[in-house]
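K.L.:
Enclosed is the structure file input10.txt (compact mmCIF, C-alpha atoms).
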# COMPACT_ATOMS: atom_id res chain seq x y z
CA MET A 1 -69.84 -71.03 22.89
CA GLY A 2 -68.80 -68.69 20.09
CA ALA A 3 -69.87 -65.08 20.71
CA ALA A 4 -67.76 -63.50 17.97
CA GLU A 5 -69.86 -62.31 15.02
CA ILE A 6 -68.26 -64.45 12.33
CA ALA A 7 -71.10 -66.65 11.06
CA PRO A 8 -73.48 -65.97 8.16
CA VAL A 9 -77.23 -66.25 7.85
CA PRO A 10 -78.21 -67.25 4.29
CA GLY A 11 -79.96 -64.40 2.53
CA ARG A 12 -78.49 -61.73 4.81
CA LYS A 13 -75.39 -59.56 4.56
CA GLU A 14 -74.53 -59.22 8.23
CA ARG A 15 -72.50 -61.67 10.31
CA VAL A 16 -73.74 -62.92 13.66
CA ASP A 17 -72.54 -65.16 16.46
CA ILE A 18 -72.50 -68.92 15.92
CA HIS A 19 -75.48 -69.62 18.18
CA PHE A 20 -77.72 -67.11 16.42
CA SER A 21 -76.56 -68.22 12.96
CA ALA A 22 -77.60 -71.80 13.72
CA LEU A 23 -80.88 -70.70 15.25
CA ALA A 24 -81.79 -68.29 12.44
CA THR A 25 -80.80 -70.67 9.63
CA GLY A 26 -82.74 -73.59 11.07
CA PHE A 27 -85.70 -71.31 11.75
CA ALA A 28 -85.72 -69.83 8.24
CA GLY A 29 -85.42 -73.24 6.61
CA HIS A 30 -88.64 -74.42 8.25
CA LEU A 31 -90.66 -71.20 8.39
CA ASP A 32 -92.71 -71.72 5.21
CA ASP A 33 -93.12 -75.46 5.80
CA PHE A 34 -91.65 -75.90 2.34
CA ASP A 35 -88.71 -78.08 3.41
CA ASP A 36 -87.86 -81.73 2.96
CA THR A 37 -89.87 -84.43 4.73
CA HIS A 38 -89.28 -88.04 5.77
CA LEU A 39 -92.90 -89.15 5.64
CA ALA A 40 -92.62 -92.26 7.84
CA THR A 41 -91.55 -90.12 10.81
CA VAL A 42 -92.67 -86.66 9.57
CA ILE A 43 -89.17 -85.38 10.36
CA HIS A 44 -87.83 -82.42 8.37
CA PRO A 45 -84.11 -83.16 8.74
CA ALA A 46 -82.29 -80.66 6.53
CA ALA A 47 -83.06 -77.26 8.06
CA SER A 48 -81.50 -77.97 11.44
CA VAL A 49 -78.38 -79.67 10.06
CA LEU A 50 -77.90 -76.88 7.53
CA GLY A 51 -78.01 -74.51 10.49
CA VAL A 52 -75.04 -76.35 11.99
CA LEU A 53 -73.06 -76.23 8.74
CA THR A 54 -73.79 -72.55 8.21
CA ALA A 55 -72.84 -71.57 11.73
CA LEU A 56 -69.65 -73.62 12.07
CA THR A 57 -68.18 -73.25 8.58
CA PRO A 58 -66.31 -69.96 9.24
CA GLU A 59 -64.59 -71.51 12.25
CA THR A 60 -63.99 -75.07 11.08
CA LYS A 61 -63.49 -74.36 7.34
CA PRO A 62 -64.48 -77.86 6.22
CA GLY A 63 -63.77 -79.15 2.74
CA GLY A 64 -66.73 -80.16 0.64
CA THR A 65 -66.35 -83.86 1.40
CA LEU A 66 -66.39 -83.35 5.17
CA ALA A 67 -69.32 -80.94 4.91
CA MET A 68 -71.32 -83.45 2.89
CA ARG A 69 -70.44 -86.23 5.34
CA ALA A 70 -71.52 -84.12 8.31
CA PHE A 71 -74.75 -83.17 6.58
CA ALA A 72 -75.62 -86.73 5.54
CA LEU A 73 -74.80 -88.29 8.91
CA GLY A 74 -76.52 -85.50 10.81
CA CYS A 75 -79.69 -86.12 8.84
CA GLU A 76 -79.39 -89.90 8.97
CA THR A 77 -78.83 -89.97 12.73
CA GLN A 78 -81.98 -88.02 13.53
CA LEU A 79 -83.99 -90.16 11.11
CA ARG A 80 -82.68 -93.37 12.69
CA VAL A 81 -83.58 -92.10 16.16
CA GLY A 82 -86.96 -91.05 14.80
CA VAL A 83 -87.92 -94.38 13.24
CA SER A 84 -86.94 -96.17 16.45
CA ILE A 85 -89.59 -94.30 18.47
CA SER A 86 -92.25 -93.77 15.80
CA PRO A 87 -95.16 -93.36 15.62
CA GLU A 88 -95.77 -93.40 19.37
CA HIS A 89 -93.41 -90.49 20.06
CA TYR A 90 -95.19 -88.22 17.59
CA ASP A 91 -98.57 -89.45 18.79
CA ARG A 92 -97.74 -88.26 22.31
CA GLY A 93 -97.55 -84.69 21.03
CA TRP A 94 -93.84 -84.21 20.42
CA HIS A 95 -92.59 -82.29 17.39
CA ILE A 96 -90.16 -84.90 16.18
CA THR A 97 -88.21 -82.49 13.97
CA GLY A 98 -86.98 -80.75 17.10
CA THR A 99 -86.73 -83.68 19.48
CA CYS A 100 -84.73 -85.89 17.12
CA GLY A 101 -83.12 -83.06 15.20
CA VAL A 102 -80.88 -82.06 18.08
CA ILE A 103 -79.32 -85.54 18.12
CA GLY A 104 -78.41 -85.34 14.45
CA CYS A 105 -77.15 -81.79 14.88
CA ALA A 106 -74.78 -82.89 17.64
CA VAL A 107 -73.35 -85.49 15.27
CA ALA A 108 -72.94 -82.98 12.44
CA ALA A 109 -71.33 -80.43 14.76
CA GLY A 110 -69.06 -83.04 16.29
CA LEU A 111 -67.78 -84.13 12.90
CA LEU A 112 -67.08 -80.54 11.85
CA LEU A 113 -65.30 -79.83 15.14
CA GLY A 114 -63.15 -82.95 14.80
CA LEU A 115 -64.41 -84.82 17.85
CA ASP A 116 -63.08 -88.32 18.37
CA GLU A 117 -65.39 -91.31 18.81
CA ALA A 118 -65.62 -91.01 22.59
CA GLN A 119 -66.31 -87.28 22.44
CA LEU A 120 -68.92 -87.79 19.75
CA ALA A 121 -70.73 -90.31 21.96
CA GLU A 122 -70.71 -87.77 24.81
CA ALA A 123 -72.05 -85.08 22.47
CA VAL A 124 -74.96 -87.28 21.44
CA SER A 125 -75.78 -88.08 25.06
CA ILE A 126 -75.62 -84.41 26.05
CA ALA A 127 -77.87 -83.50 23.13
CA ALA A 128 -80.42 -86.04 24.34
CA SER A 129 -81.03 -83.69 27.29
CA MET A 130 -81.46 -80.65 25.02
CA PHE A 131 -84.45 -81.55 22.84
CA VAL A 132 -87.28 -79.13 22.08
CA GLY A 133 -90.70 -79.11 20.48
CA GLN A 134 -94.37 -79.89 20.95
CA ARG A 135 -96.99 -80.26 18.23
CA GLU A 136 -99.20 -77.70 19.93
CA ALA A 137 -96.89 -75.06 18.45
CA PHE A 138 -97.93 -75.97 14.89
CA GLY A 139 -99.38 -72.98 13.09
CA THR A 140 -97.32 -70.50 15.12
CA MET A 141 -93.89 -68.91 14.77
CA THR A 142 -92.63 -71.26 17.48
CA LYS A 143 -92.77 -74.32 15.21
CA PRO A 144 -89.78 -73.26 13.06
CA TYR A 145 -87.98 -72.31 16.27
CA HIS A 146 -87.74 -76.03 17.00
CA PRO A 147 -85.24 -76.96 14.22
CA GLY A 148 -83.44 -73.66 14.80
CA LYS A 149 -82.98 -74.45 18.46
CA ALA A 150 -82.04 -78.04 17.58
CA ALA A 151 -79.18 -76.67 15.47
CA ALA A 152 -77.95 -74.31 18.18
CA ASN A 153 -78.27 -76.94 20.90
CA GLY A 154 -76.51 -79.56 18.80
CA ILE A 155 -73.52 -77.24 18.47
CA ALA A 156 -73.60 -76.54 22.21
CA ALA A 157 -73.64 -80.27 22.96
CA ALA A 158 -70.63 -80.88 20.71
CA ARG A 159 -68.76 -77.97 22.28
CA LEU A 160 -69.40 -79.25 25.79
CA ALA A 161 -68.21 -82.74 24.84
CA GLN A 162 -65.12 -81.25 23.21
CA ARG A 163 -64.33 -79.48 26.48
CA GLY A 164 -64.72 -82.57 28.60
CA GLN A 165 -68.31 -82.73 29.80
CA LYS A 166 -69.48 -86.27 30.49
CA ALA A 167 -72.97 -87.68 30.08
CA ALA A 168 -74.87 -90.93 30.56
CA ALA A 169 -73.48 -93.79 28.49
CA ASP A 170 -76.89 -95.46 28.15
CA ILE A 171 -79.04 -92.39 27.57
CA PHE A 172 -81.07 -94.17 24.88
CA GLU A 173 -81.29 -97.66 26.38
CA ALA A 174 -82.06 -96.79 30.02
CA GLN A 175 -85.66 -96.86 31.19
CA GLY A 176 -85.24 -93.32 32.47
CA GLY A 177 -83.43 -92.17 29.35
CA TYR A 178 -84.35 -90.45 26.12
CA SER A 179 -86.10 -93.19 24.16
CA HIS A 180 -88.26 -94.78 26.84
CA SER A 181 -89.20 -91.41 28.32
CA LEU A 182 -90.37 -90.04 24.99
CA SER A 183 -92.11 -93.09 23.53
CA THR A 184 -94.17 -96.04 24.69
CA LYS A 185 -92.52 -98.25 22.07
CA VAL A 186 -88.84 -98.40 21.12
CA ASP A 187 -87.08 -100.48 18.44
CA PHE A 188 -83.31 -100.15 18.73
CA ALA A 189 -82.76 -102.36 15.67
CA LEU A 190 -84.32 -99.63 13.55
CA MET A 191 -81.95 -97.15 15.14
CA ASN A 192 -78.73 -99.12 14.80
CA ASP A 193 -78.85 -101.99 12.31
CA ALA A 194 -76.82 -101.55 9.10
CA PHE A 195 -76.03 -97.95 9.96
CA GLY A 196 -74.06 -96.52 7.05
CA GLU A 197 -75.30 -99.28 4.74
CA ARG A 198 -79.07 -98.81 4.81
CA TRP A 199 -79.99 -95.13 4.57
CA GLU A 200 -83.26 -93.67 5.84
CA LEU A 201 -82.16 -90.45 4.15
CA LEU A 202 -82.95 -92.07 0.80
CA PHE A 203 -86.62 -91.94 1.82
CA ASN A 204 -86.55 -88.18 2.23
CA THR A 205 -88.87 -86.24 -0.08
CA TYR A 206 -89.33 -82.68 -1.35
CA LYS A 207 -92.54 -80.69 -1.17
CA PRO A 208 -94.36 -79.06 -4.09
CA TYR A 209 -96.60 -77.06 -1.73
CA PRO A 210 -95.63 -74.83 1.24
CA CYS A 211 -97.69 -76.50 3.96
CA GLY A 212 -97.85 -79.60 6.14
CA ILE A 213 -97.15 -82.64 4.00
CA VAL A 214 -100.24 -84.64 4.95
CA ALA A 215 -102.33 -81.94 3.21
CA HIS A 216 -100.62 -82.55 -0.13
CA PRO A 217 -102.85 -85.40 -1.38
CA GLY A 218 -105.90 -83.21 -0.80
CA ILE A 219 -104.31 -80.33 -2.69
CA ASP A 220 -103.57 -82.65 -5.60
CA GLY A 221 -107.17 -83.78 -5.51
CA GLY A 222 -108.45 -80.22 -5.38
CA LEU A 223 -106.31 -79.25 -8.35
CA ALA A 224 -107.56 -82.25 -10.31
CA LEU A 225 -111.20 -81.36 -9.61
CA SER A 226 -110.62 -77.68 -10.38
CA ALA A 227 -109.95 -78.63 -14.00
CA ARG A 228 -113.45 -80.15 -14.16
CA ILE A 229 -115.36 -77.40 -12.33
CA GLU A 230 -115.99 -74.21 -14.29
CA GLU A 231 -117.37 -72.09 -11.44
CA VAL A 232 -116.21 -72.59 -7.86
CA ASP A 233 -119.56 -71.21 -6.63
CA SER A 234 -121.23 -74.27 -8.14
CA ILE A 235 -119.70 -76.42 -5.39
CA GLU A 236 -122.16 -77.44 -2.69
CA ALA A 237 -119.88 -79.72 -0.66
CA ILE A 238 -116.39 -81.24 -0.69
CA THR A 239 -115.52 -84.42 1.18
CA LEU A 240 -112.05 -85.89 1.64
CA ARG A 241 -111.57 -89.45 2.85
CA CYS A 242 -108.03 -89.32 4.18
CA HIS A 243 -105.46 -90.71 6.59
CA PRO A 244 -106.34 -89.96 10.25
CA LEU A 245 -103.25 -87.76 10.62
CA VAL A 246 -104.81 -85.22 8.27
CA PRO A 247 -107.61 -84.04 10.60
CA GLU A 248 -105.42 -84.67 13.64
CA LEU A 249 -102.57 -82.42 12.46
CA MET A 250 -104.31 -80.19 9.94
CA GLY A 251 -107.99 -80.07 10.82
CA ASN A 252 -108.28 -76.30 11.31
CA PRO A 253 -111.45 -75.44 9.33
CA GLN A 254 -111.04 -71.66 9.25
CA PRO A 255 -107.43 -70.49 9.72
CA LYS A 256 -106.95 -66.81 10.54
CA ASP A 257 -103.57 -66.23 8.88
CA GLY A 258 -100.94 -67.81 6.70
CA LEU A 259 -99.21 -69.68 9.50
CA GLN A 260 -102.45 -71.32 10.60
CA ALA A 261 -103.38 -72.03 6.99
CA ARG A 262 -100.22 -74.07 6.53
CA PHE A 263 -101.80 -76.48 9.00
CA SER A 264 -105.25 -76.51 7.47
CA ALA A 265 -105.77 -79.26 4.92
CA ILE A 266 -109.17 -77.72 4.29
CA HIS A 267 -107.55 -74.44 3.27
CA GLY A 268 -105.21 -76.25 0.89
CA VAL A 269 -108.13 -77.86 -0.92
CA ALA A 270 -110.11 -74.62 -1.00
CA ALA A 271 -107.16 -72.68 -2.37
CA ALA A 272 -106.63 -75.32 -5.06
CA LEU A 273 -110.26 -75.08 -6.13
CA CYS A 274 -110.44 -71.28 -6.03
CA ASP A 275 -107.06 -70.41 -7.55
CA ARG A 276 -106.30 -73.55 -9.58
CA GLN A 277 -102.78 -73.40 -8.17
CA VAL A 278 -101.17 -73.65 -4.74
CA GLY A 279 -97.97 -71.82 -3.90
CA LEU A 280 -96.69 -69.18 -1.54
CA ALA A 281 -99.38 -66.69 -2.60
CA GLN A 282 -102.15 -68.98 -1.39
CA TYR A 283 -100.71 -68.80 2.14
CA GLU A 284 -100.38 -65.04 2.36
CA ASP A 285 -102.37 -63.62 5.28
CA ALA A 286 -104.55 -61.53 2.98
CA ARG A 287 -105.48 -64.49 0.77
CA VAL A 288 -106.38 -66.72 3.69
CA VAL A 289 -109.16 -64.41 4.91
CA GLN A 290 -110.82 -63.63 1.57
CA ASP A 291 -114.48 -64.54 1.22
CA ASP A 292 -114.26 -66.96 -1.70
CA VAL A 293 -111.74 -69.27 -0.07
CA LYS A 294 -113.52 -69.00 3.30
CA ALA A 295 -116.76 -70.07 1.63
CA ILE A 296 -115.23 -73.20 0.09
CA ARG A 297 -113.53 -74.05 3.38
CA SER A 298 -116.93 -73.94 5.09
CA ARG A 299 -118.22 -76.55 2.63
CA THR A 300 -115.27 -78.94 3.03
CA THR A 301 -115.19 -81.94 5.36
CA LEU A 302 -112.36 -84.31 6.33
CA THR A 303 -113.30 -87.93 6.98
CA PRO A 304 -110.52 -89.99 8.62
CA ASP A 305 -110.02 -93.54 7.41
CA ALA A 306 -107.18 -95.71 8.74
CA SER A 307 -107.16 -97.75 5.52
CA VAL A 308 -106.04 -94.68 3.53
CA ASN A 309 -102.29 -94.15 3.20
CA ARG A 310 -100.57 -90.96 4.32
CA ASP A 311 -99.91 -89.86 0.73
CA GLU A 312 -103.36 -90.84 -0.55
CA VAL A 313 -106.83 -89.26 -0.62
CA PHE A 314 -110.29 -89.86 -2.02
CA ILE A 315 -111.95 -86.53 -2.80
CA GLU A 316 -115.55 -85.93 -3.83
CA ALA A 317 -117.26 -82.72 -4.93
CA ARG A 318 -121.05 -82.44 -4.92
CA LEU A 319 -122.26 -79.64 -7.19
CA ARG A 320 -125.44 -77.60 -6.92
CA ASP A 321 -126.86 -79.24 -10.05
CA GLY A 322 -126.76 -82.60 -8.26
CA SER A 323 -123.75 -84.00 -10.09
CA VAL A 324 -120.90 -85.60 -8.16
CA LEU A 325 -117.25 -85.49 -9.19
CA LYS A 326 -114.73 -87.90 -7.69
CA HIS A 327 -110.96 -88.22 -7.81
CA HIS A 328 -108.52 -90.64 -6.20
CA VAL A 329 -104.97 -89.52 -5.48
CA GLU A 330 -103.04 -92.75 -4.99
CA HIS A 331 -99.74 -91.01 -4.26
CA ALA A 332 -99.29 -87.30 -3.71
CA ARG A 333 -97.04 -85.31 -5.98
CA GLY A 334 -93.61 -85.07 -4.37
CA SER A 335 -93.97 -88.41 -2.58
CA LEU A 336 -91.52 -91.29 -3.00
CA ALA A 337 -93.80 -92.79 -5.64
CA ARG A 338 -94.17 -89.46 -7.50
CA PRO A 339 -91.01 -87.48 -6.75
CA LEU A 340 -90.43 -84.01 -8.11
CA THR A 341 -88.20 -84.00 -11.17
CA ASP A 342 -84.85 -82.23 -11.16
CA ASP A 343 -86.38 -79.47 -13.27
CA GLU A 344 -89.24 -79.06 -10.78
CA LEU A 345 -86.77 -78.87 -7.90
CA MET A 346 -84.79 -76.23 -9.74
CA ASP A 347 -87.97 -74.25 -10.39
CA LYS A 348 -88.78 -74.42 -6.69
CA VAL A 349 -85.33 -73.18 -5.68
CA ARG A 350 -85.52 -70.44 -8.30
CA LEU A 351 -88.87 -69.29 -6.91
CA LEU A 352 -87.43 -69.01 -3.41
CA VAL A 353 -83.92 -67.76 -4.15
CA ASP A 354 -83.71 -65.54 -7.22
CA PRO A 355 -86.15 -62.82 -6.07
CA HIS A 356 -83.93 -62.24 -3.03
CA LEU A 357 -80.42 -63.04 -4.26
CA GLY A 358 -80.67 -62.05 -7.92
CA ASP A 359 -81.54 -63.64 -11.25
CA GLY A 360 -79.31 -66.58 -12.10
CA THR A 361 -78.32 -67.31 -8.50
CA THR A 362 -80.10 -70.66 -8.56
CA GLY A 363 -78.02 -71.88 -11.48
CA ARG A 364 -74.80 -70.79 -9.82
CA LEU A 365 -75.84 -72.45 -6.56
CA ALA A 366 -76.59 -75.69 -8.42
CA THR A 367 -73.13 -75.63 -9.98
CA ALA A 368 -71.50 -75.00 -6.61
CA VAL A 369 -73.44 -77.79 -4.91
CA ALA A 370 -72.67 -80.23 -7.73
CA GLY A 371 -68.96 -79.61 -7.19
CA LEU A 372 -68.95 -79.88 -3.41
CA ASP A 373 -67.23 -83.27 -3.38
CA THR A 374 -64.05 -81.68 -4.74
CA ALA A 375 -64.43 -78.20 -3.22
CA PRO A 376 -61.60 -77.22 -0.84
CA ASP A 377 -64.07 -75.25 1.30
CA LEU A 378 -67.59 -73.81 1.30
CA ALA A 379 -66.59 -70.19 0.76
CA ALA A 380 -67.86 -69.99 -2.81
CA LEU A 381 -71.16 -71.62 -1.88
CA PHE A 382 -71.90 -69.29 1.03
CA LYS A 383 -70.81 -66.24 -0.95
CA LEU A 384 -73.67 -66.98 -3.34
CA CYS A 385 -76.09 -66.85 -0.40
CA VAL A 386 -75.37 -63.19 0.32
CA PRO A 387 -77.46 -60.51 -1.47
CA ASN A 388 -75.70 -58.57 -4.23
CA GLU A 389 -72.55 -60.69 -4.15
CA GLU A 390 -71.46 -63.23 -6.74
Please express the file's structure as structure tokens.
P.N.:
Amino acid sequence: MGAAEIAPVPGRKERVDIHFSALATGFAGHLDDFDDTHLATVIHPAASVLGVLTALTPETKPGGTLAMRAFALGCETQLRVGVSISPEHYDRGWHITGTCGVIGCAVAAGLLLGLDEAQLAEAVSIAASMFVGQREAFGTMTKPYHPGKAAANGIAAARLAQRGQKAAADIFEAQGGYSHSLSTKVDFALMNDAFGERWELLFNTYKPYPCGIVAHPGIDGGLALSARIEEVDSIEAITLRCHPLVPELMGNPQPKDGLQARFSAIHGVAAALCDRQVGLAQYEDARVVQDDVKAIRSRTTLTPDASVNRDEVFIEARLRDGSVLKHHVEHARGSLARPLTDDELMDKVRLLVDPHLGDGTTGRLATAVAGLDTAPDLAALFKLCVPNEE
């Protein structure tokens, strides 16, 4: 399966085996819950597929065009599978980023390995028996393991198909197959129609805050109210009328550490009100347990309302002097209706990359990515991802 230590892990100097490279890259890409999100399915497609590209590049040496094709189709495939079984699949407790991610990763790996059409179909079917992930893992280190394992398993599925393993031809359609086993409702038209013409990937979005995406409207609301509240201690109560997924996925009222806080919409609002900003620092373990933010969390209530959209919230603050402040977030920052600008995306990358890989790395990475369509290989790109190398 590739035991030689030839593959990189972005941000590290050492080389590792292909399996661990895929696992570690997918894991790292999802660890801070700061990655891309397809809101309709709540799939985070990029981390797992990037794990495949990172792990297989030293062996397959793809040109930029092939790498981009593998990345796009790997993401699109998992999104198409996801929309075909949503929302029932997610509602049953599955972590869709892992369960659908492995299908897309098999496609990406198969394209990089040069599989023919028949082999690629076998790889996808094999991958359908290698899915991972339950929502109960949210708020633990096991959640980012799901896209990491999806990347590693997708490569394994493609390898097995390349070497002749056969699998069920109707793994999606059969009553005992992937789709019907994992969801009470399946729409194959959403999976297959106009594939390559209509792109779900175009509905992918990028987060401004490092936490579960359904908390973002509340954070926006908290930030808006913070500009109108001079003293946070003057707050008597905070109420959020929000989509039902918010309390379902992120209803933890008093998280104990940063991982749990990333799945506490209440913490996001409290941090916004206390700090007047929400970034990585607000999810540090030490910040999560400080008294001021704990106090505001204890005064915050989530009220589910099915008429509220996923990227919307109605927030109300009742102050000790009896006054009431209200704010409506129609669309969260970073949503399709309010996407981050290119400058904001660059600032986000700079925040995450430059402290670890050196000042100016973000600009050089942007130049390398912009030229991928004509790049003969990915060597220059991955060289920039190693500390102290240019």
K.L.:
With all atoms listed in the file as the atoms that count, which of A:His216, A:Ala270, A:Ala281, A:Arg228 lies nearest to A:Arg333?
P.N.:
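Selected residue with least distance to A:Arg333: A:His216.
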K.L.:
With 8 Å added on each side, what axis-aligned box encloses every listed atom of stretch 121-127 of chain A? Give the centre and edge lengths in Å to one decimal, as JSON.
P.N.:
{"center_x": -74.3, "center_y": -86.9, "center_z": 23.7, "size_x": 23.2, "size_y": 22.8, "size_z": 20.6}
K.L.:
Go through A:Arg163, A:Arg241, A:His267, A:Arg276 and flag the residue nearest A:Val289, using all atoms listed in the file for the distances.
P.N.:
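Checking each candidate against A:Val289, we get A:His267 as the closest.
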K.L.:
Hey, can you pull every residue with an atom no more than 7 Å from (-89.7, -94.5, -3.1), using only C-alpha atoms, and send it as number ranges by chain?
P.N.:
A: 203, 336-337
K.L.:
Please, what distance in Å, to one decimal, runs between atom CA of A:Glu200 and atom CA of A:Gly74?
P.N.:
11.7 Å
K.L.:
So what do you get for atom CA of A:Leu201 versus atom CA of A:Thr142, distance-wise?
P.N.:
25.6 Å
K.L.:
Mind checking which residues fall within 9 Å of stretch 364-381 of chain A, counting only C-alpha atoms, ignoring those fewer than 3 positions away in the same chain, and posting them as a list in words?
P.N.:
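Counting only the stated atoms, we get Thr57, Pro58, Lys61, Pro62, Gly63, Gly64, Thr65, Leu66, Ala67, Met68, Met346, Gly360, Thr361, Leu384, Cys385 and Glu390 of chain A.
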K.L.:
Between A:Trp94, A:Tyr145, A:Tyr283, A:Phe71, which is the closest to A:Leu23 once you count only C-alpha atoms?
P.N.:
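Closest to A:Leu23, using only C-alpha atoms: A:Tyr145.
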K.L.:
Quick one: distance from atom CA of A:Gln78 to atom CA of A:Lys166 in Å, one decimal?
P.N.:
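Calculated distance between atom CA of A:Gln78 and atom CA of A:Lys166 is 21.1 Å.
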K.L.:
Give me the residues within 7 Å of stretch 301-316 of chain A as a ChimeraX atom specification, counting only C-alpha atoms and dropping any in the same chain fewer than 6 places off.
P.N.:
/A:214,217-218,221,238-244,247,324-332,335
K.L.:
So, counting all atoms listed in the file, which residue among A:Ala40, A:Leu259, A:Ala55, A:Ala106 is closest to A:Ala4?
P.N.:
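Counting all atoms listed in the file, the residue closest to A:Ala4 is A:Ala55.
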K.L.:
Could you add whatever atoms are missing so that stretch 346-360 of chain A carries N, CA and C atoms, then write the result as a compact mmCIF listing (two decimals), keeping the file's coordinate frame?
P.N.:
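Result went into out25.txt, see below:
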# COMPACT_ATOMS: atom_id res chain seq x y z
N MET A 346 -85.47 -77.46 -9.37
CA MET A 346 -84.79 -76.23 -9.74
C MET A 346 -85.77 -75.06 -9.81
N ASP A 347 -86.95 -75.31 -10.34
CA ASP A 347 -87.97 -74.25 -10.39
C ASP A 347 -88.35 -73.80 -8.98
N LYS A 348 -88.44 -74.75 -8.07
CA LYS A 348 -88.78 -74.42 -6.69
C LYS A 348 -87.69 -73.56 -6.05
N VAL A 349 -86.44 -73.96 -6.23
CA VAL A 349 -85.33 -73.18 -5.68
C VAL A 349 -85.31 -71.79 -6.31
N ARG A 350 -85.52 -71.73 -7.60
CA ARG A 350 -85.52 -70.44 -8.30
C ARG A 350 -86.60 -69.51 -7.75
N LEU A 351 -87.76 -70.06 -7.47
CA LEU A 351 -88.87 -69.29 -6.91
C LEU A 351 -88.49 -68.69 -5.56
N LEU A 352 -87.76 -69.44 -4.76
CA LEU A 352 -87.43 -69.01 -3.41
C LEU A 352 -86.18 -68.15 -3.35
N VAL A 353 -85.25 -68.38 -4.26
CA VAL A 353 -83.92 -67.76 -4.15
C VAL A 353 -83.75 -66.52 -5.02
N ASP A 354 -84.06 -66.62 -6.29
CA ASP A 354 -83.71 -65.54 -7.22
C ASP A 354 -84.35 -64.19 -6.89
N PRO A 355 -85.59 -64.13 -6.41
CA PRO A 355 -86.15 -62.82 -6.07
C PRO A 355 -85.37 -62.09 -4.97
N HIS A 356 -84.65 -62.83 -4.16
CA HIS A 356 -83.93 -62.24 -3.03
C HIS A 356 -82.43 -62.11 -3.28
N LEU A 357 -81.87 -63.03 -4.05
CA LEU A 357 -80.42 -63.04 -4.26
C LEU A 357 -80.02 -62.71 -5.69
N GLY A 358 -81.00 -62.47 -6.56
CA GLY A 358 -80.67 -62.05 -7.92
C GLY A 358 -80.90 -63.13 -8.96
N ASP A 359 -81.31 -62.71 -10.14
CA ASP A 359 -81.54 -63.64 -11.25
C ASP A 359 -80.26 -64.43 -11.55
N GLY A 360 -80.45 -65.72 -11.76
CA GLY A 360 -79.31 -66.58 -12.10
C GLY A 360 -78.62 -67.20 -10.91
